[in-house]
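Enquirer: Just final_26.cif, nothing more (mmCIF, C-alpha atoms and all ligand atoms):
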```cif
data_model
#
loop_
_atom_site.label_atom_id
_atom_site.label_comp_id
_atom_site.auth_asym_id
_atom_site.auth_seq_id
_atom_site.Cartn_x
_atom_site.Cartn_y
_atom_site.Cartn_z
CA MET A 1 -2.22 19.01 -20.01
CA ALA A 2 -2.77 18.97 -16.25
CA GLU A 3 -0.45 16.85 -14.14
CA ARG A 4 -1.88 13.35 -13.69
CA ILE A 5 -1.83 12.50 -10.01
CA ALA A 6 -2.80 9.21 -8.36
CA LEU A 7 -3.33 8.52 -4.68
CA TYR A 8 -2.40 5.04 -3.45
CA PRO A 9 -4.08 4.57 -0.06
CA GLY A 10 -3.59 1.55 2.18
CA SER A 11 -2.55 0.15 5.51
CA PHE A 12 1.01 -0.79 4.48
CA ASP A 13 1.46 -2.70 7.75
CA PRO A 14 4.20 -3.37 6.68
CA PRO A 15 4.81 -2.33 3.06
CA THR A 16 5.71 -5.39 0.95
CA LEU A 17 7.40 -5.93 -2.41
CA GLY A 18 3.85 -6.25 -3.78
CA HIS A 19 3.08 -2.69 -2.70
CA PHE A 20 6.38 -1.34 -4.09
CA ASP A 21 5.81 -3.14 -7.39
CA LEU A 22 2.41 -1.44 -7.66
CA ILE A 23 3.82 1.98 -6.74
CA TYR A 24 6.52 1.88 -9.45
CA ARG A 25 4.08 0.58 -12.06
CA ALA A 26 1.55 3.28 -11.17
CA LYS A 27 4.32 5.86 -11.59
CA ARG A 28 4.74 4.73 -15.21
CA ILE A 29 1.13 5.75 -15.84
CA PHE A 30 0.85 8.87 -13.66
CA ASP A 31 3.08 11.93 -13.32
CA LYS A 32 2.86 11.79 -9.55
CA VAL A 33 1.95 8.97 -7.15
CA ILE A 34 1.09 9.84 -3.56
CA VAL A 35 1.40 6.84 -1.27
CA ALA A 36 -0.78 7.49 1.78
CA VAL A 37 -0.92 5.46 4.97
CA ALA A 38 -4.52 5.40 6.14
CA VAL A 39 -4.92 6.28 9.81
CA ASN A 40 -7.55 3.81 10.96
CA GLU A 41 -8.18 3.64 14.70
CA ALA A 42 -10.45 0.61 14.27
CA LYS A 43 -7.68 -1.56 12.79
CA THR A 44 -4.96 -2.80 15.12
CA ALA A 45 -1.65 -2.38 13.38
CA LEU A 46 1.77 -3.86 14.16
CA PHE A 47 3.62 -0.73 13.08
CA THR A 48 2.74 2.87 13.98
CA VAL A 49 1.78 5.22 11.16
CA GLU A 50 5.15 6.99 11.59
CA GLU A 51 7.04 3.67 11.33
CA ARG A 52 5.13 2.77 8.16
CA ILE A 53 5.84 6.16 6.59
CA LYS A 54 9.54 5.78 7.45
CA MET A 55 9.72 2.29 5.92
CA LEU A 56 8.03 3.49 2.71
CA LYS A 57 10.26 6.57 2.48
CA GLU A 58 13.47 4.62 3.12
CA GLU A 59 12.68 2.17 0.37
CA LEU A 60 11.39 4.71 -2.16
CA ASN A 61 14.45 6.87 -1.48
CA ASN A 62 13.14 10.19 -2.84
CA TYR A 63 12.12 8.58 -6.12
CA PRO A 64 11.11 11.47 -8.43
CA GLY A 65 7.34 11.89 -8.58
CA ILE A 66 6.59 9.62 -5.63
CA GLU A 67 5.51 11.10 -2.29
CA VAL A 68 4.67 9.43 1.02
CA THR A 69 2.22 10.76 3.57
CA SER A 70 -0.66 9.74 5.84
CA PHE A 71 -4.30 10.72 6.04
CA GLY A 72 -7.44 10.28 8.10
CA GLY A 73 -11.08 10.51 7.08
CA LEU A 74 -12.56 9.90 3.67
CA THR A 75 -10.09 8.76 1.02
CA VAL A 76 -11.80 10.73 -1.76
CA GLU A 77 -11.71 13.92 0.30
CA PHE A 78 -7.97 13.50 0.76
CA ALA A 79 -7.58 12.65 -2.94
CA LYS A 80 -9.34 15.90 -3.87
CA LYS A 81 -7.10 17.84 -1.51
CA CYS A 82 -4.06 16.32 -3.24
CA GLY A 83 -5.41 17.20 -6.68
CA ALA A 84 -5.54 13.48 -7.59
CA GLN A 85 -7.75 12.26 -10.41
CA ALA A 86 -7.43 8.58 -9.50
CA LEU A 87 -7.05 6.09 -6.67
CA ILE A 88 -4.69 3.15 -7.14
CA ARG A 89 -5.68 -0.22 -5.72
CA GLY A 90 -4.34 -3.73 -6.22
CA LEU A 91 -6.37 -6.74 -7.27
CA ARG A 92 -4.72 -9.94 -6.20
CA ALA A 93 -6.81 -13.10 -6.29
CA ILE A 94 -10.53 -13.14 -7.02
CA SER A 95 -11.06 -12.75 -3.29
CA ASP A 96 -10.00 -9.09 -3.49
CA PHE A 97 -12.52 -8.32 -6.19
CA GLU A 98 -15.71 -7.94 -4.17
CA TYR A 99 -14.06 -5.80 -1.52
CA GLU A 100 -12.31 -3.55 -4.04
CA LEU A 101 -15.47 -3.27 -6.13
CA SER A 102 -17.54 -2.11 -3.17
CA LEU A 103 -14.85 0.41 -2.17
CA ALA A 104 -14.68 1.73 -5.73
CA ILE A 105 -18.46 2.04 -6.04
CA ASN A 106 -18.77 3.79 -2.68
CA ASN A 107 -15.98 6.19 -3.57
CA GLN A 108 -17.53 6.85 -6.97
CA LYS A 109 -20.81 7.77 -5.29
CA LEU A 110 -19.03 10.10 -2.91
CA GLU A 111 -16.90 11.74 -5.58
CA PRO A 112 -17.70 10.91 -9.21
CA SER A 113 -14.73 12.91 -10.50
CA ILE A 114 -12.24 10.45 -8.99
CA ASP A 115 -11.71 7.07 -10.64
CA THR A 116 -10.33 3.90 -9.11
CA VAL A 117 -7.58 2.26 -11.13
CA CYS A 118 -6.89 -1.35 -10.16
CA LEU A 119 -3.59 -2.92 -11.10
CA MET A 120 -2.97 -6.67 -11.09
CA PRO A 121 0.04 -7.75 -9.05
CA SER A 122 3.16 -8.96 -10.79
CA ASP A 123 3.41 -12.74 -10.73
CA PRO A 124 5.71 -13.24 -7.69
CA TYR A 125 3.41 -11.13 -5.52
CA LEU A 126 0.10 -12.56 -6.65
CA LEU A 127 -0.87 -13.94 -3.27
CA LEU A 128 1.27 -11.70 -1.07
CA ARG A 129 -0.49 -10.14 1.92
CA SER A 130 0.98 -8.04 4.74
CA ARG A 131 -1.00 -10.10 7.24
CA GLN A 132 0.64 -13.34 6.13
CA VAL A 133 4.09 -11.77 6.16
CA LYS A 134 3.53 -10.88 9.84
CA GLU A 135 2.33 -14.41 10.64
CA ILE A 136 5.37 -16.00 8.98
CA VAL A 137 7.80 -13.78 10.90
CA LYS A 138 5.91 -14.33 14.16
CA PHE A 139 6.52 -18.05 13.81
CA GLY A 140 10.18 -17.67 12.87
CA GLY A 141 10.00 -18.00 9.08
CA ARG A 142 11.98 -15.94 6.60
CA VAL A 143 10.25 -13.40 4.35
CA SER A 144 13.16 -12.02 2.30
CA HIS A 145 11.29 -12.89 -0.91
CA TYR A 146 8.35 -10.71 0.21
CA VAL A 147 9.81 -7.59 1.85
CA PRO A 148 13.03 -5.54 1.44
CA PRO A 149 15.86 -6.43 3.89
CA LYS A 150 15.37 -3.32 6.07
CA ILE A 151 11.68 -4.09 6.52
CA GLU A 152 12.38 -7.75 7.33
CA LYS A 153 14.76 -6.51 10.05
CA LYS A 154 12.07 -4.19 11.47
CA LEU A 155 9.60 -7.07 11.47
CA ARG A 156 12.03 -9.24 13.44
CA GLU A 157 12.46 -6.45 15.98
CA LYS A 158 8.70 -6.59 16.60
CA PHE A 159 8.98 -10.28 17.55
CA PRO A 160 12.18 -10.31 19.65
CA ASN A 161 11.58 -13.74 21.18
CA ILE A 162 11.84 -15.57 17.87
P1 LIG B 201 -5.94 -2.42 2.95
O1 LIG B 201 -5.87 -2.77 4.39
O2 LIG B 201 -6.75 -1.20 2.63
O3 LIG B 201 -6.26 -3.59 2.05
P2 LIG B 201 -3.24 -2.81 2.22
O4 LIG B 201 -2.03 -2.13 2.70
O5 LIG B 201 -3.42 -4.21 2.62
O6 LIG B 201 -4.49 -1.95 2.62
O7 LIG B 201 -3.31 -2.73 0.65
C1 LIG B 201 -3.46 -1.54 -0.04
C2 LIG B 201 -3.73 -1.87 -1.48
O8 LIG B 201 -2.63 -2.55 -2.02
C3 LIG B 201 -4.97 -2.78 -1.66
O9 LIG B 201 -5.67 -2.38 -2.83
C4 LIG B 201 -4.35 -4.14 -1.89
O10 LIG B 201 -5.16 -4.94 -2.71
C5 LIG B 201 -3.06 -3.76 -2.60
N1 LIG B 201 -2.03 -4.79 -2.41
C6 LIG B 201 -1.57 -5.29 -1.26
N2 LIG B 201 -0.66 -6.27 -1.48
C7 LIG B 201 -0.57 -6.38 -2.84
C8 LIG B 201 0.18 -7.22 -3.71
N3 LIG B 201 0.97 -8.19 -3.27
N4 LIG B 201 0.03 -7.04 -5.05
C9 LIG B 201 -0.83 -6.10 -5.52
N5 LIG B 201 -1.57 -5.30 -4.75
C10 LIG B 201 -1.45 -5.42 -3.43
#
```
For this file, produce the structure as structure tokens.
Ligand code: ADP

Expert:
Amino acid sequence: MAERIALYPGSFDPPTLGHFDLIYRAKRIFDKVIVAVAVNEAKTALFTVEERIKMLKEELNNYPGIEVTSFGGLTVEFAKKCGAQALIRGLRAISDFEYELSLAINNQKLEPSIDTVCLMPSDPYLLLRSRQVKEIVKFGGRVSHYVPPKIEKKLREKFPNI
């Protein structure tokens, strides 16, 4: 049987324990999971693409069958290039549903051979969002329950006055 490959695209600005939880769970289903930082000029990010790749790689620590990269352009085009049969996405609260559904439908229209697989977050990360993690750190709060220690340190370095 052909190798089952999934592409997990996202901003990962920064990667959180919610993202890592999804990555490891996706790896239980697929032979290979490619985590790909989307290069999106329209979105203003706190971390550069290179910083995000480094944070993901450091944490995933050469985990067998998990790769980290970046991509620009259409997600399904990149997925095809990687030989992926599926896209991984996370569905947190109901609020994610409409957005994820429209992404999945658009991607299906563009490339019917690639399916979107949505995973529910594990309980502690149900409402965890990168945007809120950044806000908490910006105002001096601790986020050790949401991101690994090295990433919390990198977040603090982005807000040196706190
Ligand atoms: P985007 O900006 O495209 O939403 P993100 O980096 O925010 O990219 O998220 C990438 C994917 O990971 C999305 O499908 C999102 O729903 C999912 N995700 C983010 N945080 C969590 C979490 N705590 N639990 C489960 N899925 C998550």

Enquirer: For ligand LIG 201 (chain B), return the neighbouring residues as a ChimeraX atom specification (distance at most 10 Å; only C-alpha atoms and all ligand atoms).

Expert: /A:8-23,35-38,40,43,45,87-93,95-97,99-100,103,117-131,146

Enquirer: Measuring atom to atom with only C-alpha atoms, identify which of A:Leu7, A:Leu46, A:Ile34, A:Leu101 is nearest to Phe159 of chain A.

Expert: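 Selected residue with least distance to Phe159 of chain A: A:Leu46.
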
Enquirer: If we count only C-alpha atoms and set the cut-off at 8 Å, which residues sit around Phe30 of chain A, ignoring sequence neighbours fewer than 3 positions away in its own chain? Please answer as a VMD selection string.

Expert: chain A and resid 4 to 6 26 to 27 33

Enquirer: Using all atoms listed in the file, which of the listed residues (A:Pro148, A:Ala42, A:Val137, A:Ala79) sits closest to Pro160 of chain A?

Expert: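 With all atoms listed in the file as the atom set, the closest residue is A:Val137.
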
Enquirer: Please, what distance in Å, to one decimal, runs between atom CA of Leu155 of chain A and atom CA of Gly140 of chain A?

Expert: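 About the pair atom CA of Leu155 of chain A and atom CA of Gly140 of chain A: they are 10.7 Å apart.
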
Enquirer: Near Gly141 of chain A, counting all atoms listed in the file, which residues have an atom at most 12 Å away, once you skip same-chain residues fewer than 5 positions from it, shown as a list in words?

Expert: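 In the requested form, the answer reads Gln132, Val133, Lys134, Glu135, Ile136, Tyr146, Glu152, Leu155, Arg156, Phe159 and Ile162 of chain A.
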
Enquirer: Which distance in Å separates atom CA of Thr75 of chain A and atom CA of Asn106 of chain A, to one decimal?

Expert: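 Atom-to-atom, atom CA of Thr75 of chain A and atom CA of Asn106 of chain A are spaced 10.7 Å apart.
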
Enquirer: One decimal, in Å: what's the spacing between atom CA of Ala84 of chain A and atom CA of Ile114 of chain A?

Expert: 7.5 Å

Enquirer: I'd like the contact shell of Ile53 of chain A - 8 Å cut-off, all atoms listed in the file, skipping same-chain residues fewer than 4 positions apart - returned as a list of chain:residue names.

Expert: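 Listed by chain and then number, they are A:Val37, A:Val49, A:Lys57, A:Val68, A:Thr69, A:Ser70.
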
Enquirer: Those same residues, written as a PDB file, in the frame of the given file with C-alpha atoms?

Expert:
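Contents of out-v4.pdb, freshly written:
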```
ATOM      1  CA  VAL A  37      -0.920   5.460   4.970  1.00  0.00           C
ATOM      2  CA  VAL A  49       1.780   5.220  11.160  1.00  0.00           C
ATOM      3  CA  LYS A  57      10.260   6.570   2.480  1.00  0.00           C
ATOM      4  CA  VAL A  68       4.670   9.430   1.020  1.00  0.00           C
ATOM      5  CA  THR A  69       2.220  10.760   3.570  1.00  0.00           C
ATOM      6  CA  SER A  70      -0.660   9.740   5.840  1.00  0.00           C
TER       7      SER A  70
END
```
